[in-house]
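Shown below: final_34.csv, with CSV, C-alpha atoms and all ligand atoms.
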chain,number,residue,atom,x,y,z
D,37,MET,CA,217.1,261.6,122.2
D,38,SER,CA,217.2,261.2,118.4
D,39,VAL,CA,213.7,259.9,117.8
D,40,ASN,CA,210.7,262.1,118.4
D,41,LEU,CA,208.1,259.7,119.7
D,42,TYR,CA,205.4,262.4,119.5
D,43,ASP,CA,205.6,262.4,115.8
D,44,LEU,CA,205.4,258.6,115.6
D,45,ALA,CA,202.1,258.5,117.7
D,46,THR,CA,198.8,258.5,115.8
D,47,PRO,CA,197.1,261.9,115.3
D,48,GLY,CA,194.4,261.0,117.8
D,49,VAL,CA,196.8,259.7,120.5
D,50,GLN,CA,198.9,262.9,120.1
D,51,LYS,CA,195.8,264.9,121.3
D,52,ILE,CA,195.0,262.7,124.3
D,53,SER,CA,195.4,264.0,127.9
D,54,PRO,CA,195.5,260.9,130.1
D,55,TYR,CA,192.6,260.1,132.4
D,56,GLN,CA,193.1,261.4,135.9
D,57,PRO,CA,191.9,258.9,138.5
D,58,GLY,CA,190.9,259.8,142.0
D,59,ARG,CA,193.8,259.6,144.4
D,60,PRO,CA,194.3,256.2,146.1
D,61,ALA,CA,193.6,256.4,149.9
D,62,GLU,CA,197.0,254.7,150.7
D,63,GLU,CA,198.9,257.4,148.8
D,64,VAL,CA,197.1,260.3,150.5
D,65,ALA,CA,197.5,258.5,153.9
D,66,ALA,CA,201.3,258.3,153.4
D,67,GLU,CA,201.7,261.8,152.0
D,68,PHE,CA,199.7,263.6,154.7
D,69,GLY,CA,200.3,261.2,157.6
D,70,ILE,CA,196.6,260.4,157.9
D,71,ASP,CA,195.5,257.3,159.7
D,72,LYS,CA,192.3,256.4,157.8
D,73,PRO,CA,191.4,258.7,155.0
D,74,VAL,CA,187.9,258.7,153.6
D,75,LYS,CA,187.8,258.2,149.9
D,76,LEU,CA,184.8,259.7,148.2
D,77,ALA,CA,186.4,260.3,144.9
D,78,SER,CA,185.6,257.5,142.5
D,79,ASN,CA,181.9,256.6,142.9
D,80,GLU,CA,182.6,253.2,144.4
D,81,ASN,CA,180.1,251.4,146.7
D,82,PRO,CA,181.1,252.3,150.3
D,83,LEU,CA,179.6,248.9,151.4
D,84,GLY,CA,181.9,247.0,149.1
D,85,PRO,CA,180.8,243.9,147.3
D,86,SER,CA,178.2,241.3,148.3
D,87,LEU,CA,179.5,238.6,150.5
D,88,LEU,CA,178.2,236.1,147.9
D,89,ALA,CA,180.7,237.6,145.5
D,90,LEU,CA,183.6,237.4,148.0
D,91,ASN,CA,182.8,233.8,148.9
D,92,ALA,CA,182.4,232.7,145.3
D,93,MET,CA,186.0,233.9,144.5
D,94,GLN,CA,187.4,231.6,147.2
D,95,ALA,CA,186.3,228.7,145.0
D,96,VAL,CA,188.5,229.8,142.1
D,97,HIS,CA,191.6,227.6,142.5
D,98,ASP,CA,193.0,227.1,139.0
D,99,LEU,CA,194.4,230.4,138.2
D,100,ALA,CA,196.9,228.7,135.9
D,101,ARG,CA,194.1,228.1,133.4
D,102,TYR,CA,192.7,230.8,131.1
D,103,PRO,CA,189.2,232.1,132.0
D,104,ASP,CA,186.2,231.0,130.0
D,105,GLY,CA,186.8,233.2,127.0
D,106,SER,CA,183.1,233.3,126.1
D,107,GLY,CA,182.1,234.1,129.7
D,108,ALA,CA,179.1,231.8,129.1
D,109,ALA,CA,177.9,231.4,132.7
D,110,LEU,CA,177.9,235.1,133.4
D,111,LYS,CA,176.4,236.0,130.1
D,112,ASN,CA,173.6,233.5,130.6
D,113,LYS,CA,172.8,235.0,133.9
D,114,ILE,CA,172.8,238.6,132.6
D,115,ALA,CA,170.6,237.5,129.7
D,116,VAL,CA,168.1,236.0,132.1
D,117,ARG,CA,168.2,239.2,134.2
D,118,HIS,CA,167.3,241.4,131.2
D,119,GLN,CA,165.2,238.7,129.5
D,120,LEU,CA,167.3,238.9,126.4
D,121,ASP,CA,169.0,236.4,124.1
D,122,VAL,CA,172.5,235.6,125.3
D,123,ALA,CA,173.8,236.7,121.9
D,124,CYS,CA,172.9,240.3,122.9
D,125,ILE,CA,175.4,240.4,125.7
D,126,THR,CA,179.1,241.4,125.4
D,127,LEU,CA,181.3,241.2,128.4
D,128,GLY,CA,184.0,243.7,129.1
D,129,ASN,CA,187.0,244.3,131.3
D,130,GLY,CA,184.9,247.0,133.0
D,131,SER,CA,182.3,248.7,130.9
D,132,ASN,CA,185.1,251.0,129.9
D,133,ASP,CA,186.3,248.1,127.7
D,134,ILE,CA,182.9,248.1,125.9
D,135,LEU,CA,183.2,251.8,125.3
D,136,GLU,CA,186.5,251.2,123.5
D,137,LEU,CA,185.3,248.2,121.6
D,138,ILE,CA,182.6,250.3,120.0
D,139,THR,CA,185.0,252.9,118.7
D,140,ARG,CA,187.5,250.3,117.6
D,141,ALA,CA,184.9,248.4,115.6
D,142,PHE,CA,183.1,251.4,114.0
D,143,VAL,CA,185.1,254.6,114.1
D,144,ASN,CA,187.5,255.4,111.2
D,145,PRO,CA,190.1,258.1,111.5
D,146,GLY,CA,188.3,261.4,111.1
D,147,ASP,CA,184.8,260.0,111.8
D,148,GLU,CA,182.8,262.1,114.3
D,149,VAL,CA,181.9,260.9,117.8
D,150,ILE,CA,179.4,263.1,119.6
D,151,PHE,CA,179.0,263.6,123.3
D,152,SER,CA,178.0,266.5,125.6
D,153,GLN,CA,180.0,269.0,127.5
D,154,HIS,CA,180.5,267.7,131.0
D,155,ALA,CA,180.2,264.1,129.8
D,156,PHE,CA,182.3,261.1,131.1
D,157,ALA,CA,186.0,261.6,130.3
D,158,VAL,CA,186.4,258.2,128.7
D,159,TYR,CA,184.3,259.2,125.6
D,160,PRO,CA,187.0,261.5,124.2
D,161,LEU,CA,189.7,259.0,125.2
D,162,ALA,CA,188.0,256.1,123.3
D,163,THR,CA,187.4,258.5,120.3
D,164,LEU,CA,191.0,259.8,120.1
D,165,ALA,CA,192.5,256.4,120.6
D,166,VAL,CA,191.3,255.5,117.1
D,167,SER,CA,191.9,259.0,115.7
D,168,GLY,CA,188.1,259.8,115.6
D,169,LYS,CA,187.0,263.4,115.9
D,170,PRO,CA,185.4,264.3,119.2
D,171,VAL,CA,182.3,266.6,118.7
D,172,GLU,CA,181.3,268.2,122.0
D,173,THR,CA,177.7,269.7,122.2
D,174,THR,CA,176.8,272.4,124.7
D,175,ALA,CA,175.1,271.2,127.9
D,176,LEU,CA,171.5,272.0,129.0
D,177,ASN,CA,171.2,272.5,132.8
D,178,TRP,CA,174.5,270.6,133.1
D,179,GLY,CA,173.1,267.6,131.3
D,180,ASN,CA,172.8,266.2,127.8
D,181,ASP,CA,171.0,268.6,125.4
D,182,LEU,CA,169.4,266.0,123.1
D,183,GLN,CA,168.3,268.5,120.6
D,184,ALA,CA,171.8,269.9,120.3
D,185,ILE,CA,173.1,266.4,119.8
D,186,VAL,CA,170.6,265.7,117.0
D,187,GLU,CA,171.7,269.0,115.3
D,188,ALA,CA,175.3,268.0,115.6
D,189,ILE,CA,174.8,264.8,113.5
D,190,THR,CA,176.5,264.9,110.0
D,191,ASP,CA,177.4,262.4,107.3
D,192,ARG,CA,180.7,261.7,109.2
D,193,SER,CA,178.9,260.9,112.6
D,194,LYS,CA,179.5,257.3,113.7
D,195,VAL,CA,178.8,257.1,117.4
D,196,ILE,CA,176.9,259.1,120.1
D,197,PHE,CA,177.7,258.6,123.8
D,198,ILE,CA,175.1,259.5,126.4
D,199,ALA,CA,175.5,258.5,130.1
D,200,ASN,CA,172.2,258.2,131.9
D,201,PRO,CA,172.6,259.3,134.7
D,202,ASN,CA,175.6,261.4,133.6
D,203,ASN,CA,178.9,261.4,135.5
D,204,PRO,CA,180.1,263.9,136.9
D,205,THR,CA,176.8,265.9,137.0
D,206,GLY,CA,174.3,263.2,138.0
D,207,THR,CA,171.7,264.6,135.6
D,208,TRP,CA,169.4,262.1,134.0
D,209,LEU,CA,167.0,261.7,131.1
D,210,THR,CA,163.5,260.2,131.0
D,211,GLY,CA,162.4,257.4,128.7
D,212,ALA,CA,160.2,259.7,126.7
D,213,GLU,CA,163.0,262.2,126.1
D,214,LEU,CA,165.4,259.4,125.0
D,215,LYS,CA,162.9,257.6,122.8
D,216,SER,CA,162.0,260.8,120.9
D,217,PHE,CA,165.8,261.4,120.6
D,218,MET,CA,166.4,257.8,119.3
D,219,ASP,CA,163.6,258.3,116.7
D,220,GLN,CA,165.5,261.3,115.3
D,221,VAL,CA,168.9,259.6,115.0
D,222,PRO,CA,169.6,258.0,111.7
D,223,GLN,CA,170.2,254.3,112.1
D,224,GLN,CA,173.7,254.4,110.6
D,225,VAL,CA,174.7,256.3,113.8
D,226,ILE,CA,175.4,254.1,116.8
D,227,VAL,CA,174.0,255.4,120.1
D,228,VAL,CA,175.7,254.2,123.3
D,229,ILE,CA,173.6,254.7,126.4
D,230,ASP,CA,175.9,254.3,129.3
D,231,GLU,CA,173.9,253.1,132.3
D,232,ALA,CA,176.7,252.7,134.8
D,233,TYR,CA,174.5,254.1,137.6
D,234,ALA,CA,171.1,252.6,136.5
D,235,GLU,CA,170.7,250.6,139.7
D,236,TYR,CA,170.7,253.8,141.7
D,237,ALA,CA,168.2,255.6,139.5
D,238,THR,CA,165.1,253.4,140.0
D,239,GLU,CA,161.7,254.7,138.9
D,240,ASP,CA,160.3,255.0,142.5
D,241,ALA,CA,162.6,258.0,143.1
D,242,TYR,CA,163.2,259.0,139.5
D,243,PRO,CA,159.9,258.8,137.7
D,244,GLY,CA,160.3,258.0,134.0
D,245,TYR,CA,163.8,256.8,134.3
D,246,PRO,CA,164.1,254.2,131.5
D,247,ASP,CA,165.7,250.7,131.3
D,248,CYS,CA,167.1,251.1,127.8
D,249,THR,CA,168.2,247.4,127.7
D,250,GLN,CA,164.6,246.7,126.8
D,251,TRP,CA,164.7,248.8,123.6
D,252,LEU,CA,166.8,246.6,121.4
D,253,SER,CA,164.1,245.5,119.1
D,254,ASP,CA,163.3,249.1,118.1
D,255,TYR,CA,166.8,250.2,117.7
D,256,PRO,CA,169.5,248.0,116.0
D,257,ASN,CA,171.9,250.9,116.4
D,258,LEU,CA,171.6,250.9,120.2
D,259,LEU,CA,174.3,249.7,122.6
D,260,VAL,CA,173.5,249.9,126.4
D,261,THR,CA,176.4,249.5,128.8
D,262,ARG,CA,176.2,248.4,132.4
D,263,THR,CA,178.9,247.8,135.1
D,264,PHE,CA,179.7,245.8,138.2
D,265,SER,CA,182.0,248.7,139.4
D,266,LYS,CA,179.3,250.8,140.9
D,267,ILE,CA,176.4,249.5,142.9
D,268,PHE,CA,177.8,245.9,142.8
D,269,GLY,CA,181.0,247.1,144.5
D,270,LEU,CA,183.4,245.3,142.3
D,271,ALA,CA,185.4,248.2,140.7
D,272,GLY,CA,188.7,246.5,141.5
D,273,LEU,CA,187.9,243.4,139.5
D,274,ARG,CA,187.0,245.2,136.3
D,275,VAL,CA,183.9,243.7,134.8
D,276,GLY,CA,181.0,245.2,132.9
D,277,TYR,CA,178.8,244.4,129.9
D,278,GLY,CA,177.1,245.7,126.8
D,279,VAL,CA,173.6,244.9,125.6
D,280,SER,CA,172.8,245.3,121.9
D,281,SER,CA,171.4,243.5,118.9
D,282,PRO,CA,173.3,240.2,118.2
D,283,GLU,CA,174.5,241.8,114.9
D,284,LEU,CA,176.2,244.7,116.8
D,285,ALA,CA,177.5,242.3,119.5
D,286,ASP,CA,179.2,240.2,116.8
D,287,PHE,CA,181.3,243.2,115.7
D,288,LEU,CA,182.3,244.0,119.3
D,289,ASN,CA,183.3,240.4,119.7
D,290,ARG,CA,185.6,240.6,116.7
D,291,VAL,CA,187.8,243.3,118.4
D,292,ARG,CA,187.5,242.0,121.9
D,293,GLN,CA,190.6,240.5,123.6
D,294,PRO,CA,190.0,236.7,123.6
D,295,PHE,CA,190.1,236.6,127.4
D,296,ASN,CA,189.1,240.1,128.3
D,297,VAL,CA,187.4,239.2,131.6
D,298,ASN,CA,189.4,237.4,134.3
D,299,SER,CA,188.4,234.3,136.2
D,300,LEU,CA,187.8,236.0,139.5
D,301,ALA,CA,185.7,238.7,137.9
D,302,LEU,CA,183.5,236.2,136.0
D,303,ILE,CA,182.8,234.2,139.2
D,304,ALA,CA,182.3,237.3,141.4
D,305,ALA,CA,180.0,239.1,139.0
D,306,GLU,CA,177.8,236.0,138.6
D,307,ALA,CA,177.4,235.7,142.4
D,308,ALA,CA,176.8,239.4,142.8
D,309,LEU,CA,173.7,239.1,140.5
D,310,ASP,CA,172.2,236.7,143.1
D,311,ASP,CA,172.3,239.3,145.9
D,312,ASP,CA,169.3,241.6,145.3
D,313,HIS,CA,169.4,242.4,149.0
D,314,HIS,CA,172.9,243.9,148.8
D,315,VAL,CA,171.9,246.0,145.9
D,316,LYS,CA,168.8,247.2,147.7
D,317,ARG,CA,170.7,248.0,150.8
D,318,SER,CA,173.3,249.9,148.9
D,319,ARG,CA,170.7,251.9,147.1
D,320,GLU,CA,168.8,252.8,150.3
D,321,MET,CA,172.0,253.9,152.0
D,322,ASN,CA,172.8,256.0,149.0
D,323,ARG,CA,169.4,257.6,149.1
D,324,ALA,CA,169.7,258.5,152.8
D,325,GLY,CA,173.2,259.8,152.2
D,326,MET,CA,172.1,261.9,149.3
D,327,VAL,CA,169.3,263.5,151.4
D,328,TYR,CA,171.8,264.2,154.2
D,329,LEU,CA,174.4,265.8,151.9
D,330,ALA,CA,171.8,267.8,149.9
D,331,ALA,CA,170.4,269.2,153.2
D,332,ALA,CA,173.9,270.0,154.5
D,333,CYS,CA,174.7,271.9,151.3
D,334,LYS,CA,171.4,273.9,151.5
D,335,THR,CA,172.1,274.8,155.1
D,336,ARG,CA,175.5,276.1,154.1
D,337,GLY,CA,174.3,278.0,151.1
D,338,LEU,CA,176.1,275.7,148.7
D,339,GLY,CA,174.5,274.9,145.3
D,340,PHE,CA,174.5,271.4,143.9
D,341,ILE,CA,173.2,269.6,140.9
D,342,PRO,CA,170.3,267.2,141.7
D,343,SER,CA,171.8,263.7,141.1
D,344,ALA,CA,170.4,260.3,140.2
D,345,GLY,CA,173.7,258.7,140.8
D,346,ASN,CA,175.8,257.9,143.9
D,347,PHE,CA,177.6,261.2,143.9
D,348,LEU,CA,176.8,264.9,144.1
D,349,ALA,CA,178.4,267.8,142.2
D,350,ILE,CA,178.7,270.7,144.7
D,351,ASP,CA,179.0,274.3,143.5
D,352,PHE,CA,181.3,276.5,145.5
D,353,SER,CA,180.8,279.5,143.2
D,354,ARG,CA,184.6,280.0,143.1
D,355,PRO,CA,187.5,277.8,142.0
D,356,ALA,CA,187.3,274.7,144.3
D,357,GLU,CA,190.8,273.3,143.9
D,358,GLY,CA,192.0,274.9,147.1
D,359,ILE,CA,189.1,273.3,149.1
D,360,PHE,CA,189.9,270.0,147.5
D,361,LYS,CA,193.5,270.2,148.6
D,362,SER,CA,192.8,271.3,152.1
D,363,MET,CA,190.2,268.6,152.5
D,364,MET,CA,192.6,266.0,151.3
D,365,GLN,CA,195.2,267.2,153.8
D,366,GLN,CA,192.6,266.5,156.5
D,367,GLY,CA,191.9,263.0,155.2
D,368,VAL,CA,188.8,263.4,153.0
D,369,ILE,CA,189.4,262.7,149.3
D,370,VAL,CA,186.9,264.1,146.8
D,371,ARG,CA,187.1,264.8,143.1
D,372,PRO,CA,187.9,268.2,141.5
D,373,ILE,CA,186.2,268.3,138.1
D,374,SER,CA,187.9,271.3,136.4
D,375,ASN,CA,188.9,268.8,133.7
D,376,TYR,CA,185.2,268.4,133.0
D,377,GLY,CA,184.8,272.2,132.5
D,378,MET,CA,183.5,272.6,136.1
D,379,PRO,CA,186.3,274.3,138.1
D,380,ASP,CA,183.9,275.7,140.7
D,381,PHE,CA,182.6,272.2,141.6
D,382,LEU,CA,183.7,269.2,143.6
D,383,ARG,CA,182.2,265.8,143.0
D,384,VAL,CA,181.6,263.9,146.2
D,385,THR,CA,180.7,260.2,146.2
D,386,ILE,CA,178.0,259.3,148.7
D,387,GLY,CA,179.6,257.3,151.5
D,388,THR,CA,178.5,255.5,154.6
D,389,GLU,CA,176.7,257.6,157.3
D,390,ASP,CA,180.0,258.1,159.1
D,391,GLU,CA,181.9,259.0,156.0
D,392,ASN,CA,179.3,261.6,155.0
D,393,ARG,CA,179.4,263.1,158.4
D,394,ARG,CA,183.2,263.3,158.3
D,395,PHE,CA,183.0,264.9,154.9
D,396,ILE,CA,180.8,267.7,156.3
D,397,GLU,CA,182.9,268.1,159.4
D,398,VAL,CA,186.0,268.6,157.4
D,399,LEU,CA,184.2,270.7,154.8
D,400,ASP,CA,183.1,273.1,157.6
D,401,ARG,CA,186.6,273.3,159.0
D,402,VAL,CA,188.1,274.0,155.6
D,403,MET,CA,185.5,276.6,154.6
D,404,GLU,CA,186.0,278.4,157.9
D,405,THR,CA,189.7,278.9,157.2
D,406,ASP,CA,189.7,279.0,153.4
D,407,VAL,CA,188.4,282.4,152.4
F,501,LIG,C1,182.2,254.6,136.5
F,501,LIG,C2,181.6,254.8,135.1
F,501,LIG,C3,181.7,253.7,134.2
F,501,LIG,C4,182.2,252.4,134.6
F,501,LIG,O1,183.5,252.1,134.3
F,501,LIG,P1,183.9,250.6,134.5
F,501,LIG,O2,185.0,250.5,133.5
F,501,LIG,O3,182.8,249.7,134.3
F,501,LIG,O4,184.5,250.5,135.9
F,501,LIG,C5,181.2,253.9,132.9
F,501,LIG,N1,180.6,255.1,132.6
F,501,LIG,C6,180.4,256.0,133.5
F,501,LIG,C7,179.6,257.3,133.1
F,501,LIG,C8,181.0,255.9,134.8
F,501,LIG,O5,180.9,256.9,135.7
Would you mind writing the file out in structure tokens?
Amino acid sequence: MSVNLYDLATPGVQKISPYQPGRPAEEVAAEFGIDKPVKLASNENPLGPSLLALNAMQAVHDLARYPDGSGAALKNKIAVRHQLDVACITLGNGSNDILELITRAFVNPGDEVIFSQHAFAVYPLATLAVSGKPVETTALNWGNDLQAIVEAITDRSKVIFIANPNNPTGTWLTGAELKSFMDQVPQQVIVVIDEAYAEYATEDAYPGYPDCTQWLSDYPNLLVTRTFSKIFGLAGLRVGYGVSSPELADFLNRVRQPFNVNSLALIAAEAALDDDHHVKRSREMNRAGMVYLAAACKTRGLGFIPSAGNFLAIDFSRPAEGIFKSMMQQGVIVRPISNYGMPDFLRVTIGTEDENRRFIEVLDRVMETDV
């Protein structure tokens, strides 16, 4: 090797440690000879997508054609859902795409991007990819410390990322907390509120949980992101969206790939929005599973972080990697989160009733032998 590619990479890319996805069920099945592994590692909807979405995809015949590059039909439907002008909507290849569009459009090399300790792993990735400077604030009770974030703002700050609820901790912020925060952020700093789990965190169970898509007129520097990967059960198709002022959306549109959302995803996402029943059923199943798992943790003397998402971070009070590995060998895949600075925790996605029971059974077996 004569060329040192490391030296050729941009300074930000040199610092990136690649995202570690949850292990695919098929891979674990093959490695450990397990018939039907339970995957509770990536916060997917255990019920899958709406039948309306699956059926709608059958009608896509002309895959030789490019998709509608403007995504007009889906954007219209999203605009109606949030009662916003269609010019406020930006579609993404997953909401991950939107998180990258914002740093591409606004972050110069050396500009600061602020997010909390234990925040979603994509924030540092999107920052470093454009050689921005990640600024990590300390957490408060495992969640975002909004005061610490305000205090971290400098002349070089460009973007702030806040997930509400946060992944992997499940912590959440009220509308009052976020509003008072927004009022303290100078308008030349863009605030991204990542609402990937918003449909799980409805106000009946999480009083004061805000719908920040309704705040655009007060904050031209606000971008709210949503996804079809979580409660809508379409993670495999990759589709999400951003909601912002039309002015901000125009800049995202400039750096967007012309056909960033594929034909099947466009059609399926549109149909998924028609199935309120599926969303409700998914949310109810999640609530019941959350109650079951929380009670099971309490009985076993295990701590956990109260969660507004579709997952629970469980505290084993000692390094949890061994428990993760033993559980995987017995066919239950969960997520170690030491890369989030939480080596004693495992993050478990709420599954179906059967999957949750299997998780607890295997956990008990592993805890008995793993001392
Ligand atoms: C899962 C998740 C996303 C969604 O990613 P997609 O690209 O839409 O699949 C975004 N933000 C957070 C915090 C997540 O946990």
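If all atoms listed in the file are the atoms counted, then among D:Pro60, D:Gly48, D:Pro256, D:Gly345 the closest residue to ligand LIG 501 (chain F) is D:Gly345.
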Counting all atoms listed in the file, which residues in region 158-246 of chain D sit no more than 10 Å from region 117-131 of chain D? For each one, give the nearest pair of atoms and the distance in Å, sorted by chain then residue number, as JSON lines.
{"residue": "D:Asp230", "atom": "CA", "partner": "D:Ser131", "partner_atom": "CA", "distance": 8.7}
{"residue": "D:Glu231", "atom": "CA", "partner": "D:Ser131", "partner_atom": "CA", "distance": 9.6}
{"residue": "D:Ala232", "atom": "CA", "partner": "D:Ser131", "partner_atom": "CA", "distance": 7.9}
Just want the 7 Å neighbourhood of Gln365 (chain D), counted on all atoms listed in the file, with same-chain residues fewer than 3 positions away dropped. Output as a ChimeraX atom specification.
/D:68,361-362
Nearest candidate to Val275 (chain D) (options D:Ser106, D:Asn177, D:Asn132, D:Thr205; using all atoms listed in the file):
D:Asn132
Show which residues sit within 6 Å of region 286-296 of chain D, as a ChimeraX atom specification. Count only C-alpha atoms, and ignore same-chain residues fewer than 3 positions away.
/D:105,129,137,283
Atoms to include: C-alpha atoms. Write the selected residues as a PDB file, keeping the file's coordinate frame.
ATOM      1  CA  GLY D 105     186.800 233.200 127.000  1.00  0.00           C
ATOM      2  CA  ASN D 129     187.000 244.300 131.300  1.00  0.00           C
ATOM      3  CA  LEU D 137     185.300 248.200 121.600  1.00  0.00           C
ATOM      4  CA  GLU D 283     174.500 241.800 114.900  1.00  0.00           C
TER       5      GLU D 283
END
Contacts with ligand LIG 501 (chain F) at most 10 Å, all atoms listed in the file counted, listed as a compact mmCIF listing (two decimals) with C-alpha atoms, keeping the file's coordinate frame:
# COMPACT_ATOMS: atom_id res chain seq x y z
CA SER D 78 185.60 257.50 142.50
CA ASN D 79 181.90 256.60 142.90
CA GLU D 80 182.60 253.20 144.40
CA GLY D 128 184.00 243.70 129.10
CA ASN D 129 187.00 244.30 131.30
CA GLY D 130 184.90 247.00 133.00
CA SER D 131 182.30 248.70 130.90
CA ASN D 132 185.10 251.00 129.90
CA ASP D 133 186.30 248.10 127.70
CA ILE D 134 182.90 248.10 125.90
CA LEU D 135 183.20 251.80 125.30
CA ALA D 155 180.20 264.10 129.80
CA PHE D 156 182.30 261.10 131.10
CA ALA D 157 186.00 261.60 130.30
CA VAL D 158 186.40 258.20 128.70
CA TYR D 159 184.30 259.20 125.60
CA PHE D 197 177.70 258.60 123.80
CA ILE D 198 175.10 259.50 126.40
CA ALA D 199 175.50 258.50 130.10
CA ASN D 200 172.20 258.20 131.90
CA PRO D 201 172.60 259.30 134.70
CA ASN D 202 175.60 261.40 133.60
CA ASN D 203 178.90 261.40 135.50
CA PRO D 204 180.10 263.90 136.90
CA THR D 205 176.80 265.90 137.00
CA GLY D 206 174.30 263.20 138.00
CA ILE D 229 173.60 254.70 126.40
CA ASP D 230 175.90 254.30 129.30
CA GLU D 231 173.90 253.10 132.30
CA ALA D 232 176.70 252.70 134.80
CA TYR D 233 174.50 254.10 137.60
CA THR D 261 176.40 249.50 128.80
CA ARG D 262 176.20 248.40 132.40
CA THR D 263 178.90 247.80 135.10
CA PHE D 264 179.70 245.80 138.20
CA SER D 265 182.00 248.70 139.40
CA LYS D 266 179.30 250.80 140.90
CA GLY D 269 181.00 247.10 144.50
CA LEU D 270 183.40 245.30 142.30
CA ALA D 271 185.40 248.20 140.70
CA GLY D 272 188.70 246.50 141.50
CA LEU D 273 187.90 243.40 139.50
CA ARG D 274 187.00 245.20 136.30
CA VAL D 275 183.90 243.70 134.80
CA GLY D 276 181.00 245.20 132.90
CA TYR D 277 178.80 244.40 129.90
CA GLY D 345 173.70 258.70 140.80
CA ASN D 346 175.80 257.90 143.90
CA PHE D 347 177.60 261.20 143.90
Separation of CA of Val149 (chain D) and CA of Ser253 (chain D), in Å?
23.6 Å
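The coordinates place CA of Val195 (chain D) at 20.3 Å from CA of Tyr376 (chain D).
In this structure, CA of Ala285 (chain D) sits 28.3 Å away from CA of Gly179 (chain D).
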Output as a JSON list (two decimals), in the frame of the given file: region 337-353 of chain D, completed with N, CA and C atoms.
[["chain", "number", "residue", "atom", "x", "y", "z"],
["D", 337, "GLY", "N", 174.37, 277.13, 152.25],
["D", 337, "GLY", "CA", 174.30, 278.00, 151.10],
["D", 337, "GLY", "C", 175.06, 277.57, 149.90],
["D", 338, "LEU", "N", 175.36, 276.26, 149.84],
["D", 338, "LEU", "CA", 176.10, 275.70, 148.70],
["D", 338, "LEU", "C", 175.14, 275.16, 147.66],
["D", 339, "GLY", "N", 175.33, 275.50, 146.40],
["D", 339, "GLY", "CA", 174.50, 274.90, 145.30],
["D", 339, "GLY", "C", 174.98, 273.51, 145.02],
["D", 340, "PHE", "N", 174.11, 272.74, 144.38],
["D", 340, "PHE", "CA", 174.50, 271.40, 143.90],
["D", 340, "PHE", "C", 173.59, 271.02, 142.76],
["D", 341, "ILE", "N", 174.02, 270.05, 141.98],
["D", 341, "ILE", "CA", 173.20, 269.60, 140.90],
["D", 341, "ILE", "C", 172.42, 268.35, 141.34],
["D", 342, "PRO", "N", 171.08, 268.38, 141.31],
["D", 342, "PRO", "CA", 170.30, 267.20, 141.70],
["D", 342, "PRO", "C", 170.80, 265.97, 140.98],
["D", 343, "SER", "N", 171.07, 264.89, 141.71],
["D", 343, "SER", "CA", 171.80, 263.70, 141.10],
["D", 343, "SER", "C", 170.98, 262.45, 141.24],
["D", 344, "ALA", "N", 170.99, 261.66, 140.17],
["D", 344, "ALA", "CA", 170.40, 260.30, 140.20],
["D", 344, "ALA", "C", 171.42, 259.25, 140.39],
["D", 345, "GLY", "N", 172.67, 259.65, 140.62],
["D", 345, "GLY", "CA", 173.70, 258.70, 140.80],
["D", 345, "GLY", "C", 174.09, 258.44, 142.24],
["D", 346, "ASN", "N", 175.32, 258.04, 142.52],
["D", 346, "ASN", "CA", 175.80, 257.90, 143.90],
["D", 346, "ASN", "C", 176.82, 258.91, 144.24],
["D", 347, "PHE", "N", 176.61, 260.10, 143.70],
["D", 347, "PHE", "CA", 177.60, 261.20, 143.90],
["D", 347, "PHE", "C", 176.81, 262.51, 143.71],
["D", 348, "LEU", "N", 177.45, 263.57, 144.19],
["D", 348, "LEU", "CA", 176.80, 264.90, 144.10],
["D", 348, "LEU", "C", 177.87, 265.90, 143.68],
["D", 349, "ALA", "N", 177.54, 266.70, 142.67],
["D", 349, "ALA", "CA", 178.40, 267.80, 142.20],
["D", 349, "ALA", "C", 178.03, 269.05, 142.98],
["D", 350, "ILE", "N", 178.95, 269.52, 143.84],
["D", 350, "ILE", "CA", 178.70, 270.70, 144.70],
["D", 350, "ILE", "C", 179.33, 271.91, 144.14],
["D", 351, "ASP", "N", 178.56, 273.00, 144.12],
["D", 351, "ASP", "CA", 179.00, 274.30, 143.50],
["D", 351, "ASP", "C", 179.48, 275.23, 144.57],
["D", 352, "PHE", "N", 180.78, 275.55, 144.52],
["D", 352, "PHE", "CA", 181.30, 276.50, 145.50],
["D", 352, "PHE", "C", 181.35, 277.91, 145.01],
["D", 353, "SER", "N", 180.89, 278.12, 143.78],
["D", 353, "SER", "CA", 180.80, 279.50, 143.20],
["D", 353, "SER", "C", 182.16, 280.19, 143.15]]
